[in-house]
>>> print(open('entry27.cif').read())   # mmCIF, C-alpha atoms and all ligand atoms
data_target
loop_
_atom_site.label_atom_id
_atom_site.label_comp_id
_atom_site.auth_asym_id
_atom_site.auth_seq_id
_atom_site.Cartn_x
_atom_site.Cartn_y
_atom_site.Cartn_z
CA MET A 1 -20.49 -5.15 1.49
CA LEU A 2 -18.79 -2.33 -0.30
CA LYS A 3 -21.24 -2.21 -3.19
CA ASN A 4 -23.66 0.29 -1.64
CA LYS A 5 -21.06 2.39 0.17
CA LYS A 6 -19.86 5.77 -0.99
CA ILE A 7 -16.10 6.01 -0.95
CA GLY A 8 -14.31 9.34 -0.70
CA PHE A 9 -10.62 9.83 -1.47
CA ILE A 10 -8.93 12.80 0.17
CA GLY A 11 -6.10 13.34 -2.29
CA GLY A 12 -6.25 11.93 -5.80
CA GLY A 13 -2.55 11.10 -6.34
CA ASN A 14 -0.73 7.86 -7.15
CA MET A 15 -1.98 5.74 -4.27
CA ALA A 16 -5.61 6.90 -4.61
CA GLU A 17 -5.46 6.19 -8.35
CA ALA A 18 -4.11 2.67 -7.78
CA ILE A 19 -6.85 1.84 -5.25
CA LEU A 20 -9.76 3.28 -7.20
CA LYS A 21 -8.53 1.67 -10.42
CA GLY A 22 -8.35 -1.70 -8.62
CA MET A 23 -11.81 -1.30 -7.12
CA LEU A 24 -13.33 -0.40 -10.47
CA SER A 25 -11.61 -3.12 -12.46
CA SER A 26 -12.69 -5.77 -9.97
CA SER A 27 -16.26 -4.37 -10.16
CA LEU A 28 -16.25 -3.90 -6.41
CA ILE A 29 -18.03 -0.59 -6.71
CA LYS A 30 -19.58 1.67 -9.34
CA ALA A 31 -17.67 4.78 -10.44
CA SER A 32 -20.69 6.88 -9.42
CA ASN A 33 -20.06 5.84 -5.79
CA ILE A 34 -16.47 7.10 -5.78
CA PHE A 35 -15.71 10.73 -4.89
CA VAL A 36 -12.33 12.42 -4.95
CA SER A 37 -11.14 15.68 -3.46
CA GLU A 38 -8.03 16.84 -5.26
CA PRO A 39 -6.63 20.40 -5.65
CA ASN A 40 -4.59 19.74 -8.80
CA LYS A 41 -6.66 20.66 -11.90
CA SER A 42 -4.91 18.30 -14.32
CA ARG A 43 -5.32 15.39 -11.86
CA GLN A 44 -9.01 16.28 -11.53
CA THR A 45 -9.47 16.12 -15.31
CA PHE A 46 -7.49 12.89 -15.57
CA LEU A 47 -9.48 11.14 -12.82
CA THR A 48 -12.87 12.15 -14.18
CA THR A 49 -12.09 11.31 -17.82
CA GLU A 50 -10.14 8.10 -17.19
CA PHE A 51 -12.26 6.59 -14.39
CA LYS A 52 -15.55 8.55 -14.51
CA VAL A 53 -15.35 9.16 -10.76
CA LYS A 54 -16.78 12.35 -9.27
CA VAL A 55 -14.38 15.11 -8.28
CA VAL A 56 -15.88 17.28 -5.53
CA LYS A 57 -15.18 20.90 -4.58
CA GLY A 58 -13.21 20.34 -1.38
CA ASN A 59 -12.53 18.02 1.53
CA LEU A 60 -15.59 19.13 3.53
CA ASP A 61 -17.88 18.47 0.59
CA LEU A 62 -16.28 15.05 0.20
CA VAL A 63 -16.81 14.13 3.86
CA LYS A 64 -20.51 14.98 3.58
CA LYS A 65 -20.90 12.63 0.60
CA ALA A 66 -18.81 9.62 1.69
CA ASP A 67 -19.38 6.73 4.14
CA VAL A 68 -15.76 5.61 3.90
CA LEU A 69 -12.93 8.15 3.75
CA ILE A 70 -9.59 7.08 2.33
CA VAL A 71 -6.99 9.62 3.40
CA ALA A 72 -4.36 9.57 0.66
CA VAL A 73 -2.44 12.82 1.12
CA LYS A 74 1.24 13.10 2.01
CA PRO A 75 2.06 12.45 5.69
CA GLN A 76 3.42 16.02 6.09
CA ILE A 77 -0.02 17.58 5.56
CA ILE A 78 -2.33 14.91 6.95
CA ARG A 79 -2.85 16.49 10.39
CA GLU A 80 -3.82 19.85 8.89
CA VAL A 81 -6.19 18.15 6.42
CA LEU A 82 -7.82 16.08 9.20
CA LYS A 83 -8.29 19.10 11.46
CA ASP A 84 -10.11 20.89 8.63
CA ILE A 85 -12.67 18.08 8.27
CA ALA A 86 -12.87 17.13 11.97
CA ASP A 87 -16.28 18.72 12.65
CA GLN A 88 -17.89 16.61 9.92
CA VAL A 89 -16.40 13.26 10.96
CA ASP A 90 -18.26 11.09 13.47
CA SER A 91 -18.36 7.41 14.45
CA LYS A 92 -20.56 6.55 11.43
CA LYS A 93 -17.71 7.26 9.01
CA LEU A 94 -14.91 4.79 8.50
CA VAL A 95 -11.58 6.63 8.13
CA ILE A 96 -8.81 4.70 6.40
CA SER A 97 -5.33 6.19 6.25
CA VAL A 98 -2.61 5.08 3.83
CA ALA A 99 -0.13 7.67 5.15
CA ALA A 100 3.23 6.19 6.07
CA GLY A 101 4.40 6.81 9.62
CA VAL A 102 1.25 8.43 11.01
CA PRO A 103 -0.08 6.55 14.07
CA ILE A 104 -3.80 5.95 14.68
CA SER A 105 -3.61 8.05 17.87
CA GLN A 106 -2.46 11.10 15.86
CA ILE A 107 -5.26 10.63 13.34
CA GLU A 108 -7.83 10.31 16.15
CA ASN A 109 -6.43 13.37 17.93
CA ALA A 110 -6.52 15.51 14.79
CA LEU A 111 -10.11 14.44 14.10
CA SER A 112 -11.21 15.03 17.71
CA LYS A 113 -9.75 18.51 18.17
CA GLY A 114 -9.75 18.11 21.95
CA LYS A 115 -13.32 16.75 22.16
CA LYS A 116 -14.19 13.22 23.26
CA LYS A 117 -15.19 11.44 20.06
CA LYS A 118 -15.69 7.81 19.14
CA LEU A 119 -13.95 7.36 15.82
CA CYS A 120 -13.42 4.39 13.52
CA VAL A 121 -9.88 4.67 12.20
CA VAL A 122 -7.95 2.08 10.20
CA ARG A 123 -4.27 2.51 9.39
CA THR A 124 -2.78 0.74 6.40
CA MET A 125 0.62 0.27 4.80
CA PRO A 126 0.27 -0.55 1.09
CA ASN A 127 3.19 -0.84 -1.35
CA THR A 128 3.85 0.34 -4.92
CA PRO A 129 2.97 -2.89 -6.79
CA SER A 130 -0.61 -1.89 -5.87
CA VAL A 131 -0.42 0.15 -9.08
CA VAL A 132 -0.50 -3.13 -11.05
CA GLN A 133 -2.88 -4.76 -8.55
CA GLU A 134 -0.12 -6.94 -7.11
CA GLY A 135 0.47 -4.97 -3.94
CA VAL A 136 0.37 -6.13 -0.38
CA THR A 137 -1.26 -4.05 2.33
CA ALA A 138 -0.87 -4.46 6.06
CA ILE A 139 -3.97 -3.37 7.98
CA THR A 140 -4.26 -2.35 11.61
CA ALA A 141 -7.49 -1.19 13.18
CA GLY A 142 -8.19 1.35 15.90
CA LYS A 143 -10.01 0.31 19.09
CA ARG A 144 -13.49 1.18 17.86
CA VAL A 145 -13.36 -0.53 14.49
CA GLY A 146 -15.84 -3.41 14.30
CA LYS A 147 -15.66 -6.53 12.15
CA PRO A 148 -17.79 -5.14 9.27
CA ASP A 149 -15.52 -2.08 8.91
CA LEU A 150 -12.42 -4.23 9.07
CA LYS A 151 -13.92 -6.43 6.35
CA ILE A 152 -14.58 -3.37 4.18
CA SER A 153 -10.95 -2.28 4.64
CA HIS A 154 -9.72 -5.68 3.48
CA GLU A 155 -12.09 -5.65 0.49
CA ILE A 156 -10.75 -2.27 -0.64
CA PHE A 157 -7.09 -3.29 -0.51
CA GLN A 158 -7.71 -6.78 -1.91
CA ALA A 159 -8.71 -4.92 -5.07
CA VAL A 160 -5.02 -3.95 -5.44
CA GLY A 161 -3.42 -7.16 -4.21
CA ARG A 162 -3.33 -9.04 -0.94
CA THR A 163 -3.87 -7.99 2.66
CA VAL A 164 -2.59 -9.02 6.08
CA ASP A 165 -3.68 -8.03 9.60
CA VAL A 166 -0.97 -6.71 11.90
CA SER A 167 -0.83 -4.91 15.23
CA GLU A 168 0.17 -1.25 15.09
CA GLU A 169 3.53 -2.03 16.76
CA GLN A 170 4.36 -4.22 13.76
CA ILE A 171 3.79 -1.48 11.16
CA ASP A 172 7.47 -0.39 11.22
CA ALA A 173 8.55 -3.94 10.42
CA VAL A 174 5.99 -3.99 7.59
CA THR A 175 7.49 -0.74 6.29
CA GLY A 176 10.98 -2.27 6.43
CA LEU A 177 9.88 -5.45 4.62
CA SER A 178 7.05 -4.91 2.13
CA GLY A 179 6.94 -1.08 2.12
CA SER A 180 10.60 -0.65 1.19
CA GLY A 181 10.81 -4.18 -0.27
CA PRO A 182 9.99 -3.32 -3.88
CA ALA A 183 13.18 -1.19 -4.00
CA TYR A 184 15.26 -4.15 -2.77
CA ILE A 185 13.77 -6.37 -5.48
CA PHE A 186 14.27 -3.69 -8.17
CA MET A 187 17.93 -3.58 -7.19
CA ILE A 188 18.21 -7.37 -7.37
CA ILE A 189 16.49 -7.39 -10.77
CA GLU A 190 18.83 -4.67 -12.04
CA ALA A 191 21.90 -6.56 -10.77
CA LEU A 192 20.83 -9.90 -12.29
CA SER A 193 20.12 -8.20 -15.59
CA ASP A 194 23.55 -6.49 -15.51
CA ALA A 195 25.10 -9.89 -14.80
CA GLY A 196 23.35 -11.35 -17.85
CA VAL A 197 24.74 -8.53 -19.99
CA LYS A 198 28.21 -9.13 -18.53
CA MET A 199 27.91 -12.78 -19.58
CA GLY A 200 27.08 -11.76 -23.16
CA LEU A 201 23.26 -11.49 -23.29
CA SER A 202 21.49 -8.50 -24.81
CA ARG A 203 19.89 -6.12 -22.28
CA GLN A 204 16.43 -7.00 -23.58
CA VAL A 205 16.96 -10.75 -23.23
CA ALA A 206 18.64 -10.33 -19.82
CA ASN A 207 15.70 -8.24 -18.54
CA GLU A 208 13.13 -10.70 -19.84
CA LEU A 209 14.94 -13.67 -18.27
CA THR A 210 15.40 -11.87 -14.96
CA VAL A 211 11.89 -10.50 -14.53
CA GLN A 212 10.23 -13.80 -15.43
CA THR A 213 12.61 -15.71 -13.14
CA VAL A 214 11.74 -13.45 -10.18
CA LEU A 215 8.01 -13.54 -10.96
CA GLY A 216 7.92 -17.29 -11.61
CA SER A 217 9.92 -18.12 -8.48
CA ALA A 218 7.60 -16.01 -6.30
CA LEU A 219 4.55 -17.70 -7.83
CA LEU A 220 6.11 -21.13 -7.30
CA VAL A 221 6.55 -20.41 -3.59
CA ARG A 222 3.01 -19.09 -3.29
CA GLU A 223 1.20 -21.68 -5.39
CA THR A 224 2.97 -24.81 -4.15
CA GLY A 225 3.06 -23.66 -0.51
CA THR A 226 6.54 -25.23 -0.37
CA SER A 227 9.22 -23.46 1.63
CA PRO A 228 11.77 -21.46 -0.40
CA GLY A 229 14.56 -23.53 1.18
CA GLU A 230 13.02 -26.78 -0.08
CA LEU A 231 12.44 -25.34 -3.58
CA LYS A 232 16.08 -24.19 -3.62
CA ASN A 233 17.28 -27.68 -2.63
CA ARG A 234 15.25 -29.24 -5.46
CA VAL A 235 17.11 -27.23 -8.12
CA THR A 236 20.56 -27.71 -6.57
CA SER A 237 22.22 -30.85 -7.94
CA PRO A 238 25.49 -32.17 -6.47
CA GLY A 239 28.50 -30.45 -8.02
CA GLY A 240 26.22 -28.54 -10.41
CA THR A 241 25.90 -24.97 -11.61
CA THR A 242 23.34 -23.77 -9.03
CA ILE A 243 25.38 -24.75 -5.98
CA ALA A 244 28.35 -22.91 -7.50
CA GLY A 245 26.18 -19.79 -7.85
CA LEU A 246 24.75 -20.21 -4.34
CA HIS A 247 28.25 -20.47 -2.90
CA ALA A 248 29.10 -17.10 -4.46
CA LEU A 249 25.93 -15.60 -2.93
CA GLU A 250 26.89 -16.95 0.51
CA LYS A 251 30.39 -15.50 0.14
CA GLY A 252 28.76 -12.14 -0.61
CA SER A 253 26.52 -12.51 2.49
CA LEU A 254 23.32 -12.10 0.47
CA ARG A 255 21.05 -13.37 3.24
CA ALA A 256 22.66 -11.33 6.02
CA THR A 257 22.64 -8.26 3.75
CA LEU A 258 18.92 -8.55 3.07
CA MET A 259 18.19 -9.12 6.76
CA ASN A 260 20.28 -6.04 7.59
CA ALA A 261 18.34 -4.02 5.01
CA VAL A 262 14.97 -4.90 6.56
CA GLU A 263 16.33 -4.24 10.05
CA LYS A 264 17.77 -0.83 9.08
CA ALA A 265 14.59 0.24 7.26
CA THR A 266 12.44 -0.83 10.23
CA LEU A 267 14.59 1.18 12.65
CA ARG A 268 14.49 4.19 10.32
CA SER A 269 10.69 3.93 10.14
CA LYS A 270 10.56 3.97 13.98
CA GLU A 271 12.89 7.01 14.04
CA LEU A 272 10.76 8.93 11.51
CA ALA A 273 7.54 8.19 13.42
CA HIS A 274 9.00 10.05 16.40
N1 LIG A 301 2.85 5.76 -3.50
C1 LIG A 301 3.07 4.67 -2.75
O1 LIG A 301 3.57 3.66 -3.20
C2 LIG A 301 2.68 4.64 -1.30
C3 LIG A 301 2.92 3.48 -0.56
C4 LIG A 301 2.52 3.45 0.78
C5 LIG A 301 1.89 4.55 1.34
N2 LIG A 301 1.69 5.67 0.59
C6 LIG A 301 1.05 6.83 1.22
O2 LIG A 301 0.01 7.31 0.38
C7 LIG A 301 -0.15 8.70 0.60
C8 LIG A 301 -0.25 9.38 -0.76
O3 LIG A 301 0.95 9.12 -1.47
P1 LIG A 301 1.00 9.30 -3.04
O4 LIG A 301 2.23 8.65 -3.50
O5 LIG A 301 -0.31 8.93 -3.65
O6 LIG A 301 1.18 10.89 -3.10
P2 LIG A 301 0.74 11.90 -4.25
O7 LIG A 301 0.76 11.23 -5.58
O8 LIG A 301 1.49 13.16 -4.04
O9 LIG A 301 -0.81 12.16 -3.89
C9 LIG A 301 -1.28 13.07 -2.93
C10 LIG A 301 -2.33 13.94 -3.61
O10 LIG A 301 -2.98 14.73 -2.62
C11 LIG A 301 -3.20 16.03 -3.18
N3 LIG A 301 -3.39 17.02 -2.11
C12 LIG A 301 -2.48 17.92 -1.61
N4 LIG A 301 -3.07 18.66 -0.65
C13 LIG A 301 -4.35 18.23 -0.54
C14 LIG A 301 -5.44 18.62 0.29
N5 LIG A 301 -5.33 19.59 1.20
N6 LIG A 301 -6.62 17.96 0.13
C15 LIG A 301 -6.77 16.98 -0.77
N7 LIG A 301 -5.74 16.57 -1.57
C16 LIG A 301 -4.56 17.18 -1.46
C17 LIG A 301 -1.93 16.28 -3.96
O11 LIG A 301 -2.11 17.32 -4.87
P3 LIG A 301 -0.81 18.23 -5.27
O12 LIG A 301 0.07 17.33 -6.06
O13 LIG A 301 -1.40 19.36 -6.04
O14 LIG A 301 -0.18 18.65 -3.97
C18 LIG A 301 -1.73 14.91 -4.62
O15 LIG A 301 -2.43 14.82 -5.84
C19 LIG A 301 1.05 9.17 1.41
O16 LIG A 301 0.63 9.46 2.72
C20 LIG A 301 2.00 8.01 1.41
O17 LIG A 301 2.69 7.87 2.64
C21 LIG A 301 2.06 5.74 -0.72
#
>>> encode(input="entry27.cif", output="C-alpha cells", more="lines below")
Ligand SMILES: NC(=O)c1ccc[n+]([C@@H]2O[C@H](COP(=O)([O-])OP(=O)(O)OC[C@H]3O[C@@H](n4cnc5c(N)ncnc54)[C@H](OP(=O)(O)O)[C@@H]3O)[C@@H](O)[C@H]2O)c1
Amino acid sequence: MLKNKKIGFIGGGNMAEAILKGMLSSSLIKASNIFVSEPNKSRQTFLTTEFKVKVVKGNLDLVKKADVLIVAVKPQIIREVLKDIADQVDSKKLVISVAAGVPISQIENALSKGKKKKLCVVRTMPNTPSVVQEGVTAITAGKRVGKPDLKISHEIFQAVGRTVDVSEEQIDAVTGLSGSGPAYIFMIIEALSDAGVKMGLSRQVANELTVQTVLGSALLVRETGTSPGELKNRVTSPGGTTIAGLHALEKGSLRATLMNAVEKATLRSKELAH
C-alpha cells in the first residue's frame, strides 16, 4: 500500500531518522519516494548521504510533493509549522503526528486556520527503541481517517517495531507506560548491573548478563504467550534462590513502585497537555 506513496517528513531529527531508516531497511518504500524538510545543514547532508532521501527547500515544497506527511518537529513549534503549511493541506493528504502531548483537535485547528476543512489526521506515540526497530507505537485516528489511511499508518510504524490502536483518551496512559517506559527499564538494567558488580562480577560481564536476561525474559513472554506470573512460578522452586530474591523485591515494593511510576507519568502527561 505504501510502495507508491510519497512520504514527507517535516523535521529530520531523531524520530524521523528512526522511521525512515526502518522503512528503508524493510524495503517498504524506495528512498526516492521519501522527502525531508529540515533546516539544519549538517542533518540535511547526513540524511542525503546516509539514506539517499531527498531533502527539499522548505515545508511548503515538501507538502506539494508528499501524499503522507509525517510531522516530526518538537511539540513547542508544531502549531506554528502547521499554520505555515495549512493552505496546502487538504483531505487528500494523510497527516501523521509523532509529537508528544499535541491533541488531534489542535492539529486540525492549526491546519484549518478558521476554515471548515475535512482533514485526515493520525496521532501517534512512538518510543525510543524505534531507533533499533524495536519500538512500540500507539496509534489513534481522527474522525475522518478511513481504513486505508489507518493501514498505511500501521505499516509505517511497524517498520520500527510494533503498533497498537488506542483511543485518544488513552494516549496519556500510553505515554506513562511505553513512552516513559524505556527509562524505567534502563534504570532497572543499571541497578541489576550494579548489583552484579557488588556481588563481584566485572562491569562488562554484569552488563552482558543483565541485558540478555531482560531481553530473553521479554521474548519468552511474547513468544510463549504465557503470563509473566506463570513464567515466574516456573522458575521459583520451594526454598530456592529465586523465591529469596523475589521476597526482597516484595519488601522493596517493586510492583507498587512501578505501578506508581506509570500512574505519575500518566498524570503528568495529562497536566502537560493542558
Ligand atoms: N525521540 C523520541 O524518542 C520520541 C518519542 C516519541 C515522540 N517523539 C516526538 O517526535 C518529535 C520529534 O522529536 P525528535 O526527538 O526527533 O526531535 P529532534 O531530533 O529535535 O528533531 C526535530 C527536527 O526538526 C527540525 N526543525 C526545527 N524547526 C523546523 C521547521 N520549522 N521545519 C522543519 N523542521 C524543523 C529540527 O532542526 P533543528 O535541530 O535545527 O531545530 C530537528 O532536526 C517530537 O514532537 C517528539 O515529541 C519523539
>>> residues_near_ligand(input="entry27.cif", ligand="ligand LIG 301 (chain A)", cutoff="6 Å", atoms="all atoms listed in the file", output="short mmCIF file (atom, residue, chain, number, x, y, z; two decimals) with C-alpha atoms, keeping the file's coordinate frame")
data_model
loop_
_atom_site.label_atom_id
_atom_site.label_comp_id
_atom_site.auth_asym_id
_atom_site.auth_seq_id
_atom_site.Cartn_x
_atom_site.Cartn_y
_atom_site.Cartn_z
CA ILE A 10 -8.93 12.80 0.17
CA GLY A 11 -6.10 13.34 -2.29
CA GLY A 12 -6.25 11.93 -5.80
CA GLY A 13 -2.55 11.10 -6.34
CA ASN A 14 -0.73 7.86 -7.15
CA MET A 15 -1.98 5.74 -4.27
CA ALA A 16 -5.61 6.90 -4.61
CA SER A 37 -11.14 15.68 -3.46
CA GLU A 38 -8.03 16.84 -5.26
CA PRO A 39 -6.63 20.40 -5.65
CA ASN A 40 -4.59 19.74 -8.80
CA ALA A 72 -4.36 9.57 0.66
CA VAL A 73 -2.44 12.82 1.12
CA LYS A 74 1.24 13.10 2.01
CA PRO A 75 2.06 12.45 5.69
CA VAL A 81 -6.19 18.15 6.42
CA VAL A 98 -2.61 5.08 3.83
CA ALA A 99 -0.13 7.67 5.15
CA ALA A 100 3.23 6.19 6.07
CA MET A 125 0.62 0.27 4.80
CA PRO A 126 0.27 -0.55 1.09
CA ASN A 127 3.19 -0.84 -1.35
CA THR A 128 3.85 0.34 -4.92
#
>>> closest_residue(input="entry27.cif", among="A:Leu220, A:Leu249, A:Ile19, A:Val197", to="A:Phe51", atoms="all atoms listed in the file")
A:Ile19
>>> closest_residue(input="entry27.cif", among="A:Thr48, A:Ser153, A:Thr242, A:Thr137", to="A:Ile96", atoms="all atoms listed in the file")
A:Ser153
>>> residues_around(input="entry27.cif", residues="A:Leu82", least_positions_apart="4", cutoff="6 Å", atoms="all atoms listed in the file", output="VMD selection string")
chain A and resid 86 110 to 111
>>> write_last_selection(input="entry27.cif", atoms="C-alpha atoms", output="short mmCIF file (atom, residue, chain, number, x, y, z; two decimals), in the frame of the given file")
data_model
loop_
_atom_site.label_atom_id
_atom_site.label_comp_id
_atom_site.auth_asym_id
_atom_site.auth_seq_id
_atom_site.Cartn_x
_atom_site.Cartn_y
_atom_site.Cartn_z
CA ALA A 86 -12.87 17.13 11.97
CA ALA A 110 -6.52 15.51 14.79
CA LEU A 111 -10.11 14.44 14.10
#
>>> residues_near_point(input="entry27.cif", point="(2.2, 8.1, 11.2)", cutoff="9 Å", atoms="only C-alpha atoms", output="list in words")
Pro75, Ala99, Ala100, Gly101, Val102, Pro103, Ile104, Ser105, Gln106, Ile107, Arg123, Leu272, Ala273 and His274 of chain A
>>> closest_residue(input="entry27.cif", among="A:Ser97, A:Ser202, A:Ser112, A:Asn260", to="A:Tyr184", atoms="only C-alpha atoms")
A:Asn260
>>> closest_residue(input="entry27.cif", among="A:Gly58, A:Gly196, A:Gly240, A:Gly8", to="A:Ala31", atoms="only C-alpha atoms")
A:Gly8
>>> axis_aligned_box(input="entry27.cif", around="stretch 171-188 of chain A", padding_each_side="8 Å", output="lines of an AutoDock Vina configuration file")
center_x = 11.0
center_y = -3.9
center_z = 1.5
size_x = 30.4
size_y = 23.0
size_z = 35.4
>>> atom_distance(input="entry27.cif", atom1="atom CA of A:Gly22", atom2="atom CA of A:Val89")
25.9 Å
>>> residues_near_point(input="entry27.cif", point="(-4.8, -8.0, -6.4)", cutoff="12 Å", atoms="only C-alpha atoms", output="PyMOL selection string")
chain A and resi 18-19+21-23+25-26+126-127+129-137+154-163
>>> residues_around(input="entry27.cif", residues="A:Ala141", least_positions_apart="6", cutoff="10 Å", atoms="only C-alpha atoms", output="list in words")
Ile96, Ile104, Cys120, Val121, Val122, Arg123, Thr124, Lys147, Asp149, Leu150, Ser153, Asp165, Val166, Ser167 and Glu168 of chain A
>>> write_last_selection(input="entry27.cif", atoms="C-alpha atoms", output="mmCIF file, keeping the file's coordinate frame")
data_model
loop_
_atom_site.group_PDB
_atom_site.id
_atom_site.type_symbol
_atom_site.label_atom_id
_atom_site.label_comp_id
_atom_site.auth_asym_id
_atom_site.auth_seq_id
_atom_site.Cartn_x
_atom_site.Cartn_y
_atom_site.Cartn_z
ATOM 1 C CA ILE A 96 -8.810 4.700 6.400
ATOM 2 C CA ILE A 104 -3.800 5.950 14.680
ATOM 3 C CA CYS A 120 -13.420 4.390 13.520
ATOM 4 C CA VAL A 121 -9.880 4.670 12.200
ATOM 5 C CA VAL A 122 -7.950 2.080 10.200
ATOM 6 C CA ARG A 123 -4.270 2.510 9.390
ATOM 7 C CA THR A 124 -2.780 0.740 6.400
ATOM 8 C CA LYS A 147 -15.660 -6.530 12.150
ATOM 9 C CA ASP A 149 -15.520 -2.080 8.910
ATOM 10 C CA LEU A 150 -12.420 -4.230 9.070
ATOM 11 C CA SER A 153 -10.950 -2.280 4.640
ATOM 12 C CA ASP A 165 -3.680 -8.030 9.600
ATOM 13 C CA VAL A 166 -0.970 -6.710 11.900
ATOM 14 C CA SER A 167 -0.830 -4.910 15.230
ATOM 15 C CA GLU A 168 0.170 -1.250 15.090
#
>>> closest_residue(input="entry27.cif", among="A:Ser32, A:Ala173, A:Lys113, A:Val55", to="A:Leu267", atoms="all atoms listed in the file")
A:Ala173
>>> atom_distance(input="entry27.cif", atom1="atom CA of A:Leu215", atom2="atom CA of A:Ile171")
25.5 Å
>>> atom_distance(input="entry27.cif", atom1="atom CA of A:Leu69", atom2="atom CA of A:Ile34")
10.2 Å
>>> closest_residue(input="entry27.cif", among="A:Leu201, A:Ala265, A:Leu94, A:Ala218", to="A:Thr175", atoms="all atoms listed in the file")
A:Ala265
